[in-house]
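> One structure coming up, written as structure tokens, with questions to follow.
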Amino acid sequence: MSNNIPSLKLNSGHEMPMIGYGTFGGHDVPEIVYNAVKVALRLGYKHIDTAYIYGTEDAVGKAIRESKSDRKDLFITTKLWQFFHEPQHVRPAFQKSLDNLKMDYVDLYLIHWPFSWKFKGYELSDCEDNNHMEVTNVPIIDTWREMEKIYKEGKAKSIGVSNFTIPMLEELLSQCEIPPAVNQVEIHPALPQDELLAYCKNKNIALTAYSPLANPGYRNNVGEILEKPIIMEIAKDHDRSPAQVILNWGINRGYAVIPKSVTPSRIEDNLTYFKLSQKELDAISAIGAENIVRTCKPEASWGPQTKIWA
């Protein structure tokens, strides 16, 4: 089923499938993710996205081992959490992720957020108390230098960032030896990110869209993107679902998408690629011109000191 899913050629030389399976969740998520990843792999997904803070690395690794999937055919992403930005903490935190996954390497390692907190410990339980964070302002380049070492050793085939703005990317590119291969950010029709997309294309940095469906149902999000008349009209024209249209709007614009679902039928439906016309792409992008909606706001969870976007 997944044979026609395109890939992005990263600046590291590796290829990243443009449809992945996201594993962010909530309470009791590891068992749910374990079962869902097994479904995703059986259906043909090759790109699995996790993060240390999700608490799903163990579940992802277990599902992959039990699926008998050939590791070299998969693209596995995980991420460095804010408590681990000080240079001396990057490698132990990365090793913790490898140990959880029971893997010798990951395909992509990302800096999860562009701010840092005071170190509390390497255990997941140490990271779950988000009520008493002390922002430490570790320079991103200091963290990145350690990421570059991990890359040079082949433990991470590509390295990148997440939630970075254009000025943040500019600063990093002006100082780094190895440019980020990927910037993972929120993108969907109500947040089309046209300027960031153009910038990253120009700099040969691939984008991955999290919350590509605008996170319906999470934290009372009510963007209703799936019910927009233009989405429903295009879906009808292509005999596809609204979700499939939105995901392929992203792929046709040139970036990867990592939708999350635990429903087998939706996991299957999401692994679908088809072409949209430029007229259709423009019509969907116009949704964001009417009313920008950002569903992931760090300041809402962690306070004003973590505000990134205006």
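For the structure tokens, the naming scheme is as follows: chains receive sequential letters (A, B, ...) according to their order of presentation, residues are indexed from 1 within each chain, and ligands are indexed from 1 in presentation order.
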Could you please write out, as a ChimeraX atom specification, every residue of stretch 102-265 of chain A that DSSP assigns to strand (DSSP E or B)?
/A:106,108-111,117,135,156,159-162,182-186,188,191,206-210,256-257
> So that I can check the surroundings of A:Gly44, please list as a PyMOL selection string every protein, DNA and RNA residue that reaches within 12 Å of it, counting only C-alpha atoms and ignoring chain neighbours fewer than 5 positions away.
chain A and resi 1-5+17+19-21+37-39+67+69-70+73-74+267-272
> With only C-alpha atoms as the counted atoms, please give the residues lying no more than 10 Å from A:Val293, apart from itself and same-chain residues fewer than 3 positions off, as a PyMOL selection string.
chain A and resi 187-192+214+221-223+225+287-288+290+296
> Enumerate as a VMD selection string all residues of stretch 95-286 of chain A assigned to helix (DSSP H, G or I) by DSSP on the backbone, naming them with the chain letters and numbers the document uses.
chain A and resid 95 to 101 124 to 127 140 to 152 166 to 175 194 to 202 218 to 220 225 to 227 229 to 238 242 to 253 264 to 270 278 to 286
> Using only C-alpha atoms, which protein or nucleic acid residues come within 12 Å of A:Arg65? Drop anything in the same chain fewer than 3 positions from it, and give the result as a PyMOL selection string.
chain A and resi 34+37-38+41+58-62+68-71+74+101-103
> List as a PyMOL selection string the protein and nucleic acid residues near A:Pro114, meaning an atom at most 9 Å away when only C-alpha atoms are counted, but skip any in the same chain fewer than 4 places from it.
chain A and resi 82+140+161-164+168+306+308
> Mind writing the picked residues with N, CA, C and O atoms as a PDB file, in the first residue's frame?

ATOM      1  N   GLN A  82      13.919  19.607  26.873  1.00  0.00           N
ATOM      2  CA  GLN A  82      14.498  20.870  27.327  1.00  0.00           C
ATOM      3  C   GLN A  82      15.456  20.743  28.517  1.00  0.00           C
ATOM      4  O   GLN A  82      16.323  21.588  28.702  1.00  0.00           O
ATOM      5  N   ILE A 140      21.740  27.733  21.914  1.00  0.00           N
ATOM      6  CA  ILE A 140      21.410  26.598  21.049  1.00  0.00           C
ATOM      7  C   ILE A 140      22.665  26.014  20.408  1.00  0.00           C
ATOM      8  O   ILE A 140      22.790  24.793  20.254  1.00  0.00           O
ATOM      9  N   VAL A 161      15.966  20.227  14.148  1.00  0.00           N
ATOM     10  CA  VAL A 161      15.358  21.030  15.204  1.00  0.00           C
ATOM     11  C   VAL A 161      13.841  20.942  15.088  1.00  0.00           C
ATOM     12  O   VAL A 161      13.299  20.410  14.119  1.00  0.00           O
ATOM     13  N   SER A 162      13.166  21.481  16.067  1.00  0.00           N
ATOM     14  CA  SER A 162      11.707  21.513  16.059  1.00  0.00           C
ATOM     15  C   SER A 162      11.241  22.821  16.682  1.00  0.00           C
ATOM     16  O   SER A 162      11.860  23.315  17.633  1.00  0.00           O
ATOM     17  N   ASN A 163      10.195  23.378  16.113  1.00  0.00           N
ATOM     18  CA  ASN A 163       9.608  24.627  16.629  1.00  0.00           C
ATOM     19  C   ASN A 163      10.547  25.819  16.509  1.00  0.00           C
ATOM     20  O   ASN A 163      10.480  26.750  17.318  1.00  0.00           O
ATOM     21  N   PHE A 164      11.401  25.816  15.505  1.00  0.00           N
ATOM     22  CA  PHE A 164      12.328  26.926  15.291  1.00  0.00           C
ATOM     23  C   PHE A 164      11.734  27.930  14.310  1.00  0.00           C
ATOM     24  O   PHE A 164      11.148  27.562  13.288  1.00  0.00           O
ATOM     25  N   MET A 168      15.670  32.062  14.461  1.00  0.00           N
ATOM     26  CA  MET A 168      16.402  31.013  15.180  1.00  0.00           C
ATOM     27  C   MET A 168      17.229  30.163  14.217  1.00  0.00           C
ATOM     28  O   MET A 168      18.384  29.815  14.509  1.00  0.00           O
ATOM     29  N   THR A 306       8.371  30.948  27.929  1.00  0.00           N
ATOM     30  CA  THR A 306       8.575  30.016  26.821  1.00  0.00           C
ATOM     31  C   THR A 306       7.857  30.456  25.544  1.00  0.00           C
ATOM     32  O   THR A 306       7.765  29.693  24.598  1.00  0.00           O
ATOM     33  N   ILE A 308       7.284  31.732  22.042  1.00  0.00           N
ATOM     34  CA  ILE A 308       8.143  31.763  20.867  1.00  0.00           C
ATOM     35  C   ILE A 308       7.553  32.654  19.776  1.00  0.00           C
ATOM     36  O   ILE A 308       8.253  33.438  19.146  1.00  0.00           O
TER      37      ILE A 308
END
> Using only C-alpha atoms for the distances, tell me which of A:Ser97, A:Asn35, A:Asn252, A:Ser116 is nearest to A:Phe84.
A:Ser116
> If you count only C-alpha atoms, which residues fall within 12 Å of A:Gln88, apart from same-chain ones fewer than 5 positions away, as an NGL selection string?
:A and (83 or 93-94 or 119 or 122 or 138 or 142-147)
> My list of candidates is A:Ser7, A:Ser158, A:Ser277, A:Ser211. Which is closest to A:Ser261 when distances are computed with only C-alpha atoms?
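Closest to A:Ser261 of all the choices is A:Ser211.
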